[in-house]
$ cat start.txt   # compact mmCIF, C-alpha atoms
# COMPACT_ATOMS: atom_id res chain seq x y z
CA MET A 1 -9.60 18.01 28.90
CA SER A 2 -7.18 19.84 26.64
CA SER A 3 -6.99 18.54 23.08
CA ASP A 4 -3.19 18.83 23.38
CA GLN A 5 -3.16 16.22 26.11
CA GLU A 6 -1.17 13.20 25.05
CA HIS A 7 -3.41 10.19 24.47
CA TRP A 8 -0.75 7.63 23.70
CA HIS A 9 3.01 7.37 23.94
CA PHE A 10 5.20 4.68 22.41
CA ASP A 11 8.94 4.54 23.05
CA LYS A 12 10.66 1.31 22.05
CA VAL A 13 13.92 0.04 20.63
CA LEU A 14 13.04 -2.25 17.71
CA SER A 15 15.17 -4.83 15.97
CA SER A 16 15.87 -4.26 12.26
CA ASP A 17 13.10 -6.59 11.19
CA LEU A 18 10.34 -5.33 8.89
CA ASP A 19 7.74 -7.50 10.63
CA VAL A 20 8.64 -5.85 13.94
CA GLY A 21 8.46 -2.44 12.27
CA HIS A 22 5.05 -3.18 10.78
CA ALA A 23 3.75 -4.37 14.15
CA ALA A 24 4.78 -1.00 15.63
CA ILE A 25 3.01 0.80 12.77
CA GLU A 26 -0.16 -1.18 13.46
CA GLU A 27 0.01 -0.13 17.12
CA LEU A 28 0.36 3.49 16.03
CA LEU A 29 -2.60 3.24 13.64
CA SER A 30 -4.76 1.71 16.36
CA ALA A 31 -3.82 4.51 18.76
CA LEU A 32 -4.53 7.16 16.12
CA THR A 33 -7.94 5.66 15.37
CA ALA A 34 -8.72 5.58 19.09
CA SER A 35 -7.82 9.30 19.22
CA GLY A 36 -10.22 10.14 16.41
CA TRP A 37 -7.82 10.28 13.44
CA GLU A 38 -9.37 9.06 10.20
CA GLY A 39 -9.59 9.42 6.43
CA SER A 40 -6.80 11.01 4.43
CA ASP A 41 -4.85 12.15 7.51
CA LEU A 42 -4.65 8.57 8.72
CA PHE A 43 -3.61 7.36 5.26
CA ARG A 44 -0.90 10.04 4.97
CA ILE A 45 0.53 9.21 8.40
CA GLN A 46 0.60 5.52 7.52
CA MET A 47 2.38 6.32 4.26
CA ALA A 48 4.99 8.51 5.97
CA ILE A 49 5.76 6.17 8.86
CA GLU A 50 5.89 3.16 6.54
CA GLU A 51 8.53 4.93 4.44
CA ALA A 52 10.47 6.17 7.48
CA ILE A 53 10.64 2.78 9.19
CA VAL A 54 11.48 0.88 6.00
CA ASN A 55 14.21 3.45 5.25
CA ALA A 56 15.65 3.01 8.76
CA ILE A 57 15.71 -0.78 8.56
CA GLU A 58 16.70 -1.25 4.92
CA HIS A 59 18.87 1.76 4.10
CA GLY A 60 20.00 2.85 7.58
CA ASN A 61 20.67 -0.42 9.34
CA LYS A 62 21.02 -2.49 6.12
CA ARG A 63 18.72 -5.10 7.72
CA ASP A 64 21.47 -5.92 10.24
CA GLU A 65 19.41 -7.33 13.10
CA SER A 66 22.14 -6.48 15.60
CA LYS A 67 21.35 -2.83 14.89
CA LYS A 68 18.29 -1.20 16.42
CA VAL A 69 15.67 1.34 15.46
CA HIS A 70 14.67 3.67 18.28
CA THR A 71 11.04 4.53 17.68
CA VAL A 72 9.03 7.18 19.51
CA PHE A 73 5.38 8.01 18.79
CA ARG A 74 3.35 10.66 20.61
CA VAL A 75 -0.32 10.90 19.74
CA THR A 76 -2.86 13.57 20.67
CA PRO A 77 -6.19 14.21 18.95
CA GLU A 78 -4.67 17.15 17.07
CA LYS A 79 -1.03 16.22 16.52
CA VAL A 80 1.16 13.18 16.06
CA LEU A 81 4.95 13.15 16.46
CA MET A 82 7.07 10.28 15.15
CA GLU A 83 10.81 10.08 15.78
CA ILE A 84 12.79 7.31 14.09
CA THR A 85 16.49 6.81 14.79
CA ASP A 86 18.59 4.09 13.18
CA GLU A 87 22.21 3.04 13.82
CA GLY A 88 23.41 3.57 10.28
CA ALA A 89 25.81 6.14 8.86
CA GLY A 90 22.99 8.49 7.91
CA PHE A 91 22.58 10.21 4.57
CA ASP A 92 22.73 13.69 3.11
CA HIS A 93 19.06 14.59 3.32
CA ARG A 94 19.75 18.01 1.80
CA ASN A 95 20.90 16.48 -1.49
CA VAL A 96 18.40 13.75 -2.26
CA ALA A 97 17.74 13.62 -6.00
CA ASP A 98 14.30 14.87 -7.00
CA PRO A 99 12.45 11.75 -8.24
CA THR A 100 9.98 13.85 -10.24
CA THR A 101 12.51 15.12 -12.77
CA ASP A 102 12.23 13.88 -16.36
CA GLU A 103 15.40 11.82 -15.88
CA LEU A 104 14.20 10.03 -12.74
CA VAL A 105 10.40 9.97 -12.87
CA ASP A 106 10.28 6.56 -14.54
CA LYS A 107 12.99 5.01 -12.36
CA PRO A 108 11.74 2.55 -9.74
CA ARG A 109 13.32 4.12 -6.65
CA GLY A 110 13.84 7.21 -4.52
CA ARG A 111 10.31 8.33 -3.62
CA GLY A 112 10.13 7.60 0.11
CA VAL A 113 11.92 10.71 1.39
CA MET A 114 9.88 12.94 -0.92
CA LEU A 115 6.57 11.39 0.14
CA ILE A 116 7.34 11.91 3.83
CA ARG A 117 8.14 15.57 3.18
CA GLU A 118 5.08 16.20 1.02
CA LEU A 119 2.53 14.40 3.18
CA MET A 120 3.54 15.64 6.64
CA THR A 121 3.40 19.03 8.35
CA GLU A 122 7.03 19.11 9.49
CA VAL A 123 10.02 16.85 8.81
CA VAL A 124 13.37 17.40 10.51
CA TYR A 125 16.53 15.31 10.12
CA ASN A 126 19.46 15.38 12.52
CA GLU A 127 22.84 16.49 11.21
CA ILE A 128 24.07 13.10 9.98
CA GLY A 129 20.68 11.97 8.75
CA ASN A 130 20.12 8.85 10.86
CA GLN A 131 17.22 10.37 12.76
CA VAL A 132 14.01 11.84 11.38
CA THR A 133 11.36 13.63 13.39
CA ILE A 134 8.00 13.83 11.66
CA VAL A 135 5.02 15.89 12.79
CA LYS A 136 1.50 15.84 11.40
CA ILE A 137 -1.10 18.34 12.53
CA ARG A 138 -4.69 17.25 11.97
CA SER A 139 -6.18 18.81 8.86
CA ALA A 140 -8.87 21.39 9.49
CA ALA A 141 -12.31 19.86 9.42
CA VAL A 142 -14.75 21.17 6.87
CA VAL A 143 -17.32 23.12 8.86
CA GLU A 144 -20.78 23.36 7.39
CA PRO A 145 -22.14 26.91 7.45
CA SER A 146 -24.77 27.41 10.13
CA GLN A 147 -28.35 27.72 8.97
CA MET B 1 -1.65 -21.75 -16.73
CA SER B 2 0.27 -19.70 -14.23
CA THR B 3 -0.67 -19.68 -10.58
CA HIS B 4 -0.72 -16.30 -8.93
CA ARG B 5 -0.89 -15.65 -5.20
CA ARG B 6 -0.86 -11.85 -5.04
CA ILE B 7 -3.04 -11.08 -8.06
CA SER B 8 -6.00 -12.47 -9.97
CA VAL B 9 -6.22 -12.10 -13.73
CA THR B 10 -9.28 -12.15 -15.95
CA ASP B 11 -9.37 -11.75 -19.70
CA ASP B 12 -11.73 -9.10 -21.00
CA VAL B 13 -13.52 -9.86 -24.27
CA SER B 14 -11.49 -7.11 -25.93
CA GLY B 15 -8.26 -8.91 -25.13
CA VAL B 16 -7.26 -6.84 -22.12
CA SER B 17 -5.87 -8.68 -19.10
CA VAL B 18 -7.60 -7.22 -16.06
CA VAL B 19 -5.49 -7.62 -12.92
CA ARG B 20 -6.87 -7.31 -9.39
CA PHE B 21 -4.88 -7.41 -6.17
CA ILE B 22 -5.38 -9.97 -3.43
CA ASP B 23 -3.94 -7.80 -0.64
CA LYS B 24 -5.83 -4.77 0.63
CA LYS B 25 -2.61 -3.36 2.03
CA ILE B 26 0.47 -3.79 -0.15
CA VAL B 27 3.27 -3.20 2.36
CA ASP B 28 4.97 -6.45 3.31
CA SER B 29 8.33 -6.56 1.52
CA GLY B 30 8.13 -10.29 0.75
CA SER B 31 4.64 -9.87 -0.71
CA ILE B 32 5.76 -6.86 -2.74
CA GLU B 33 8.67 -8.81 -4.22
CA GLN B 34 6.31 -11.64 -5.10
CA LEU B 35 3.82 -9.17 -6.54
CA GLY B 36 6.55 -7.71 -8.74
CA GLU B 37 7.52 -11.14 -10.00
CA GLU B 38 3.91 -12.06 -10.76
CA LEU B 39 3.28 -8.78 -12.60
CA ASN B 40 6.45 -9.15 -14.63
CA SER B 41 5.57 -12.74 -15.48
CA LEU B 42 2.37 -11.53 -17.12
CA VAL B 43 4.53 -9.88 -19.76
CA LEU B 44 7.67 -11.99 -19.82
CA VAL B 45 6.17 -15.48 -19.39
CA GLU B 46 2.49 -15.23 -20.31
CA LYS B 47 3.20 -12.77 -23.12
CA ARG B 48 0.35 -10.44 -22.18
CA ASN B 49 0.87 -6.86 -23.29
CA MET B 50 -2.53 -5.19 -22.82
CA ILE B 51 -2.77 -4.96 -19.06
CA LEU B 52 -5.18 -3.10 -16.81
CA LEU B 53 -4.44 -2.92 -13.09
CA ASN B 54 -7.69 -2.49 -11.17
CA PHE B 55 -7.04 -1.05 -7.69
CA ASP B 56 -10.60 -1.09 -6.39
CA SER B 57 -9.71 -3.44 -3.53
CA VAL B 58 -6.46 -1.73 -2.54
CA GLU B 59 -6.60 0.48 0.55
CA PHE B 60 -2.89 1.21 0.97
CA MET B 61 0.39 0.72 -0.86
CA SER B 62 3.95 1.76 -0.08
CA SER B 63 6.45 3.35 -2.46
CA ALA B 64 8.14 -0.05 -2.80
CA ALA B 65 4.91 -1.26 -4.44
CA LEU B 66 4.88 1.83 -6.67
CA ASN B 67 8.31 0.82 -7.88
CA LYS B 68 6.92 -2.50 -9.10
CA LEU B 69 4.35 -0.67 -11.21
CA ILE B 70 7.07 1.43 -12.81
CA SER B 71 9.07 -1.70 -13.61
CA LEU B 72 5.99 -3.36 -15.08
CA ASN B 73 5.30 -0.29 -17.22
CA SER B 74 8.81 -0.50 -18.67
CA LYS B 75 8.36 -4.18 -19.51
CA VAL B 76 4.97 -3.61 -21.14
CA LYS B 77 6.43 -0.78 -23.23
CA ALA B 78 9.35 -2.98 -24.26
CA ALA B 79 6.80 -5.58 -25.40
CA ALA B 80 5.06 -2.90 -27.51
CA GLY B 81 2.04 -3.13 -25.22
CA ARG B 82 0.01 -0.80 -23.06
CA LEU B 83 -0.52 -0.62 -19.31
CA LYS B 84 -3.38 1.25 -17.68
CA ILE B 85 -4.44 1.69 -14.08
CA CYS B 86 -7.94 2.30 -12.77
CA CYS B 87 -10.09 2.63 -9.67
CA LEU B 88 -7.54 4.29 -7.38
CA ARG B 89 -8.94 5.57 -4.11
CA ALA B 90 -8.36 9.32 -3.67
CA GLU B 91 -5.50 8.98 -1.19
CA ILE B 92 -3.52 6.63 -3.45
CA LYS B 93 -4.23 8.85 -6.45
CA GLU B 94 -2.71 11.71 -4.46
CA VAL B 95 0.50 9.69 -4.06
CA PHE B 96 0.69 9.21 -7.84
CA THR B 97 0.16 12.95 -8.29
CA ILE B 98 2.77 14.02 -5.73
CA THR B 99 5.38 11.73 -7.24
CA ARG B 100 4.34 12.80 -10.78
CA LEU B 101 3.73 9.18 -11.68
CA ASP B 102 0.44 10.37 -13.17
CA ARG B 103 2.63 11.61 -16.05
CA VAL B 104 4.25 8.21 -16.54
CA LEU B 105 1.35 5.85 -15.90
CA ASP B 106 -2.05 6.04 -17.63
CA LEU B 107 -4.59 6.47 -14.82
CA ARG B 108 -8.32 6.04 -15.52
CA LYS B 109 -11.23 6.56 -13.21
CA THR B 110 -13.22 3.39 -13.88
CA GLU B 111 -12.57 0.00 -15.41
CA ALA B 112 -14.98 0.82 -18.26
CA ASP B 113 -13.06 4.05 -18.99
CA ALA B 114 -9.81 2.15 -19.06
CA ILE B 115 -11.08 -0.68 -21.27
CA ALA B 116 -12.47 1.91 -23.67
CA ALA B 117 -9.12 3.70 -23.74
CA PHE B 118 -7.37 0.56 -24.96
CA LYS B 119 -9.50 0.81 -28.12
CA LEU B 120 -8.40 4.35 -28.91

$ encode --input "start.txt" --output "structure tokens"
Amino acid sequence: MSSDQEHWHFDKVLSSDLDVGHAAIEELLSALTASGWEGSDLFRIQMAIEEAIVNAIEHGNKRDESKKVHTVFRVTPEKVLMEITDEGAGFDHRNVADPTTDELVDKPRGRGVMLIRELMTEVVYNEIGNQVTIVKIRSAAVVEPSQ
Amino acid sequence: MSTHRRISVTDDVSGVSVVRFIDKKIVDSGSIEQLGEELNSLVLVEKRNMILLNFDSVEFMSSAALNKLISLNSKVKAAAGRLKICCLRAEIKEVFTITRLDRVLDLRKTEADAIAAFKL
């Protein structure tokens, strides 16, 4: 069996409810674990998808439960793809203030977008910024030298 | 005496308030808001200003939870106190490093290291 073969596929339209979003994240984490993901990779994926879904519900859809979050997850043993689309106006992802500057580092906001970018392999926004596609490739395993 | 639902607080003999977290995963927005209120009340209501946050039971936290730590740090500073953090698992420590919060917050490896640092 090819390691690229998709093990799990999730494609649902979620209401703008954080409990619903967290339930979807738990499904993703279970699928990842079943596909052999673990340790820091699993933590980083959880961090990134938590930020992406909360951003979609809170900042994109402004918690308006009439607006939806289209959520797609594709899991293989070597790669996970997560595509989150909200119904908000989007944002200028090219001009997000750097939260690590001296002026902003002690301000209690603005770290989610940066964390997604830093923790994942590839992050792509659509033109208006209401859709993010996140890819994580499994980190190389440490191989013990042969005796 | 205040009742906390998201944290437990013990008083070290040296006068440091050692705070532990009830939740292993700090993600739920309602819980995070409550956590923020309870942390702030340590300073604003209970007048504690030597606070150590022990993360040994925490497996995951979102950036919304990080924001509560930054707010707490500001309140402790305003009260002329000191806040320290210890026992972060490696993955959470990485988040502090990426966001450069390791420059803003005083991170210590163990509780003993942190308690000792309050005496410096």

$ closest_residue --input "start.txt" --among "A:Ala52, A:Val105, A:Val69, A:Ala89" --to "chain B" --atoms "only C-alpha atoms"
A:Val105

$ atom_distance --input "start.txt" --atom1 "atom CA of Asp106 of chain B" --atom2 "atom CA of Val58 of chain B"
17.5 Å

$ interface_residues --input "start.txt" --of "chain A" --to "chain B" --cutoff "7 Å" --atoms "all atoms listed in the file" --output "list in words"
Ser40, Phe43, Met47, Thr100, Val105, Asp106, Lys107, Pro108, Arg109, Arg111 and Gly112 of chain A

$ atom_distance --input "start.txt" --atom1 "atom CA of Asp56 of chain B" --atom2 "atom CA of Ser17 of chain B"
15.5 Å

$ atom_distance --input "start.txt" --atom1 "atom CA of Phe10 of chain A" --atom2 "atom CA of Val75 of chain A"
8.7 Å

$ closest_residue --input "start.txt" --among "A:Ala97, A:Met82, A:Leu32, A:Ala24" --to "His7 of chain A" --atoms "only C-alpha atoms"
A:Leu32

$ residues_around --input "start.txt" --residues "Asp23 of chain B" --least-positions-apart "2" --cutoff "9 Å" --atoms "only C-alpha atoms" --output "PyMOL selection string"
chain B and resi 6-7+21+25-26+31+57-59

$ write_last_selection --input "start.txt" --atoms "C-alpha atoms" --output "PDB file, in the frame of the given file"
ATOM      1  CA  ARG B   6      -0.860 -11.850  -5.040  1.00  0.00           C
ATOM      2  CA  ILE B   7      -3.040 -11.080  -8.060  1.00  0.00           C
ATOM      3  CA  PHE B  21      -4.880  -7.410  -6.170  1.00  0.00           C
ATOM      4  CA  LYS B  25      -2.610  -3.360   2.030  1.00  0.00           C
ATOM      5  CA  ILE B  26       0.470  -3.790  -0.150  1.00  0.00           C
ATOM      6  CA  SER B  31       4.640  -9.870  -0.710  1.00  0.00           C
ATOM      7  CA  SER B  57      -9.710  -3.440  -3.530  1.00  0.00           C
ATOM      8  CA  VAL B  58      -6.460  -1.730  -2.540  1.00  0.00           C
ATOM      9  CA  GLU B  59      -6.600   0.480   0.550  1.00  0.00           C
TER      10      GLU B  59
END

$ closest_residue --input "start.txt" --among "B:Asp11, B:Glu111, B:Glu46, B:Glu33" --to "Lys84 of chain B" --atoms "only C-alpha atoms"
B:Glu111

$ closest_atom_pairs --input "start.txt" --of "segment 37-82 of chain A" --to "segment 120-129 of chain A" --cutoff "10 Å" --atoms "only C-alpha atoms" --output "JSON lines"
{"residue": "A:Asp41", "atom": "CA", "partner": "A:Met120", "partner_atom": "CA", "distance": 9.1}
{"residue": "A:Arg44", "atom": "CA", "partner": "A:Met120", "partner_atom": "CA", "distance": 7.3}
{"residue": "A:Ile45", "atom": "CA", "partner": "A:Met120", "partner_atom": "CA", "distance": 7.3}
{"residue": "A:Met47", "atom": "CA", "partner": "A:Met120", "partner_atom": "CA", "distance": 9.7}
{"residue": "A:Ala48", "atom": "CA", "partner": "A:Met120", "partner_atom": "CA", "distance": 7.3}
{"residue": "A:Ile49", "atom": "CA", "partner": "A:Met120", "partner_atom": "CA", "distance": 10.0}
{"residue": "A:Gly60", "atom": "CA", "partner": "A:Gly129", "partner_atom": "CA", "distance": 9.2}
{"residue": "A:Lys79", "atom": "CA", "partner": "A:Thr121", "partner_atom": "CA", "distance": 9.7}
{"residue": "A:Val80", "atom": "CA", "partner": "A:Thr121", "partner_atom": "CA", "distance": 9.9}
{"residue": "A:Leu81", "atom": "CA", "partner": "A:Glu122", "partner_atom": "CA", "distance": 9.4}
{"residue": "A:Met82", "atom": "CA", "partner": "A:Val123", "partner_atom": "CA", "distance": 9.6}

$ closest_residue --input "start.txt" --among "B:Lys119, B:Lys24, B:Arg82, B:Arg89" --to "Arg48 of chain B" --atoms "all atoms listed in the file"
B:Arg82

$ residues_around --input "start.txt" --residues "Val9 of chain B" --least-positions-apart "4" --cutoff "7 Å" --atoms "all atoms listed in the file" --output "PyMOL selection string"
chain B and resi 17-20

$ closest_residue --input "start.txt" --among "A:Leu119, A:Val72, A:Val96, A:Trp8" --to "Ala34 of chain A" --atoms "all atoms listed in the file"
A:Trp8

$ residues_near_point --input "start.txt" --point "(11.6, 0.6, 9.3)" --cutoff "12 Å" --atoms "all atoms listed in the file" --output "mmCIF file with C-alpha atoms, in the frame of the given file"
data_model
loop_
_atom_site.group_PDB
_atom_site.id
_atom_site.type_symbol
_atom_site.label_atom_id
_atom_site.label_comp_id
_atom_site.auth_asym_id
_atom_site.auth_seq_id
_atom_site.Cartn_x
_atom_site.Cartn_y
_atom_site.Cartn_z
ATOM 1 C CA VAL A 13 13.920 0.040 20.630
ATOM 2 C CA LEU A 14 13.040 -2.250 17.710
ATOM 3 C CA SER A 15 15.170 -4.830 15.970
ATOM 4 C CA SER A 16 15.870 -4.260 12.260
ATOM 5 C CA ASP A 17 13.100 -6.590 11.190
ATOM 6 C CA LEU A 18 10.340 -5.330 8.890
ATOM 7 C CA ASP A 19 7.740 -7.500 10.630
ATOM 8 C CA VAL A 20 8.640 -5.850 13.940
ATOM 9 C CA GLY A 21 8.460 -2.440 12.270
ATOM 10 C CA HIS A 22 5.050 -3.180 10.780
ATOM 11 C CA ALA A 23 3.750 -4.370 14.150
ATOM 12 C CA ALA A 24 4.780 -1.000 15.630
ATOM 13 C CA ILE A 25 3.010 0.800 12.770
ATOM 14 C CA MET A 47 2.380 6.320 4.260
ATOM 15 C CA ALA A 48 4.990 8.510 5.970
ATOM 16 C CA ILE A 49 5.760 6.170 8.860
ATOM 17 C CA GLU A 50 5.890 3.160 6.540
ATOM 18 C CA GLU A 51 8.530 4.930 4.440
ATOM 19 C CA ALA A 52 10.470 6.170 7.480
ATOM 20 C CA ILE A 53 10.640 2.780 9.190
ATOM 21 C CA VAL A 54 11.480 0.880 6.000
ATOM 22 C CA ASN A 55 14.210 3.450 5.250
ATOM 23 C CA ALA A 56 15.650 3.010 8.760
ATOM 24 C CA ILE A 57 15.710 -0.780 8.560
ATOM 25 C CA GLU A 58 16.700 -1.250 4.920
ATOM 26 C CA HIS A 59 18.870 1.760 4.100
ATOM 27 C CA GLY A 60 20.000 2.850 7.580
ATOM 28 C CA ASN A 61 20.670 -0.420 9.340
ATOM 29 C CA LYS A 62 21.020 -2.490 6.120
ATOM 30 C CA ARG A 63 18.720 -5.100 7.720
ATOM 31 C CA ASP A 64 21.470 -5.920 10.240
ATOM 32 C CA GLU A 65 19.410 -7.330 13.100
ATOM 33 C CA LYS A 67 21.350 -2.830 14.890
ATOM 34 C CA LYS A 68 18.290 -1.200 16.420
ATOM 35 C CA VAL A 69 15.670 1.340 15.460
ATOM 36 C CA HIS A 70 14.670 3.670 18.280
ATOM 37 C CA THR A 71 11.040 4.530 17.680
ATOM 38 C CA GLU A 83 10.810 10.080 15.780
ATOM 39 C CA ILE A 84 12.790 7.310 14.090
ATOM 40 C CA THR A 85 16.490 6.810 14.790
ATOM 41 C CA ASP A 86 18.590 4.090 13.180
ATOM 42 C CA GLU A 87 22.210 3.040 13.820
ATOM 43 C CA GLY A 112 10.130 7.600 0.110
ATOM 44 C CA ASN A 130 20.120 8.850 10.860
ATOM 45 C CA GLN A 131 17.220 10.370 12.760
ATOM 46 C CA VAL A 132 14.010 11.840 11.380
ATOM 47 C CA VAL B 27 3.270 -3.200 2.360
ATOM 48 C CA ASP B 28 4.970 -6.450 3.310
ATOM 49 C CA SER B 29 8.330 -6.560 1.520
#

$ axis_aligned_box --input "start.txt" --around "segment 115-120 of chain B" --padding-each-side "6 Å" --output "JSON"
{"center_x": -9.9, "center_y": 1.8, "center_z": -25.1, "size_x": 17.1, "size_y": 17.0, "size_z": 19.6}

$ build_atoms --input "start.txt" --residues "segment 37-51 of chain A" --atoms "N, CA and C atoms" --output "CSV table (one decimal), in the frame of the given file"
chain,number,residue,atom,x,y,z
A,37,TRP,N,-8.4,10.0,14.8
A,37,TRP,CA,-7.8,10.3,13.4
A,37,TRP,C,-8.5,9.4,12.4
A,38,GLU,N,-8.7,9.9,11.2
A,38,GLU,CA,-9.4,9.1,10.2
A,38,GLU,C,-9.1,9.6,8.8
A,39,GLY,N,-9.6,8.9,7.8
A,39,GLY,CA,-9.6,9.4,6.4
A,39,GLY,C,-8.2,9.7,5.9
A,40,SER,N,-8.1,10.8,5.1
A,40,SER,CA,-6.8,11.0,4.4
A,40,SER,C,-5.6,11.3,5.4
A,41,ASP,N,-5.9,11.9,6.5
A,41,ASP,CA,-4.8,12.2,7.5
A,41,ASP,C,-4.2,10.8,8.0
A,42,LEU,N,-5.1,9.9,8.3
A,42,LEU,CA,-4.6,8.6,8.7
A,42,LEU,C,-3.8,7.9,7.6
A,43,PHE,N,-4.3,8.0,6.4
A,43,PHE,CA,-3.6,7.4,5.3
A,43,PHE,C,-2.2,8.0,5.1
A,44,ARG,N,-2.2,9.3,5.2
A,44,ARG,CA,-0.9,10.0,5.0
A,44,ARG,C,0.1,9.7,6.1
A,45,ILE,N,-0.4,9.6,7.3
A,45,ILE,CA,0.5,9.2,8.4
A,45,ILE,C,1.1,7.8,8.2
A,46,GLN,N,0.2,6.9,7.8
A,46,GLN,CA,0.6,5.5,7.5
A,46,GLN,C,1.7,5.5,6.4
A,47,MET,N,1.4,6.3,5.4
A,47,MET,CA,2.4,6.3,4.3
A,47,MET,C,3.8,6.8,4.8
A,48,ALA,N,3.7,7.9,5.5
A,48,ALA,CA,5.0,8.5,6.0
A,48,ALA,C,5.7,7.6,6.9
A,49,ILE,N,5.0,7.0,7.9
A,49,ILE,CA,5.8,6.2,8.9
A,49,ILE,C,6.2,4.9,8.2
A,50,GLU,N,5.5,4.4,7.3
A,50,GLU,CA,5.9,3.2,6.5
A,50,GLU,C,7.2,3.5,5.8
A,51,GLU,N,7.3,4.6,5.2
A,51,GLU,CA,8.5,4.9,4.4
A,51,GLU,C,9.7,5.2,5.4
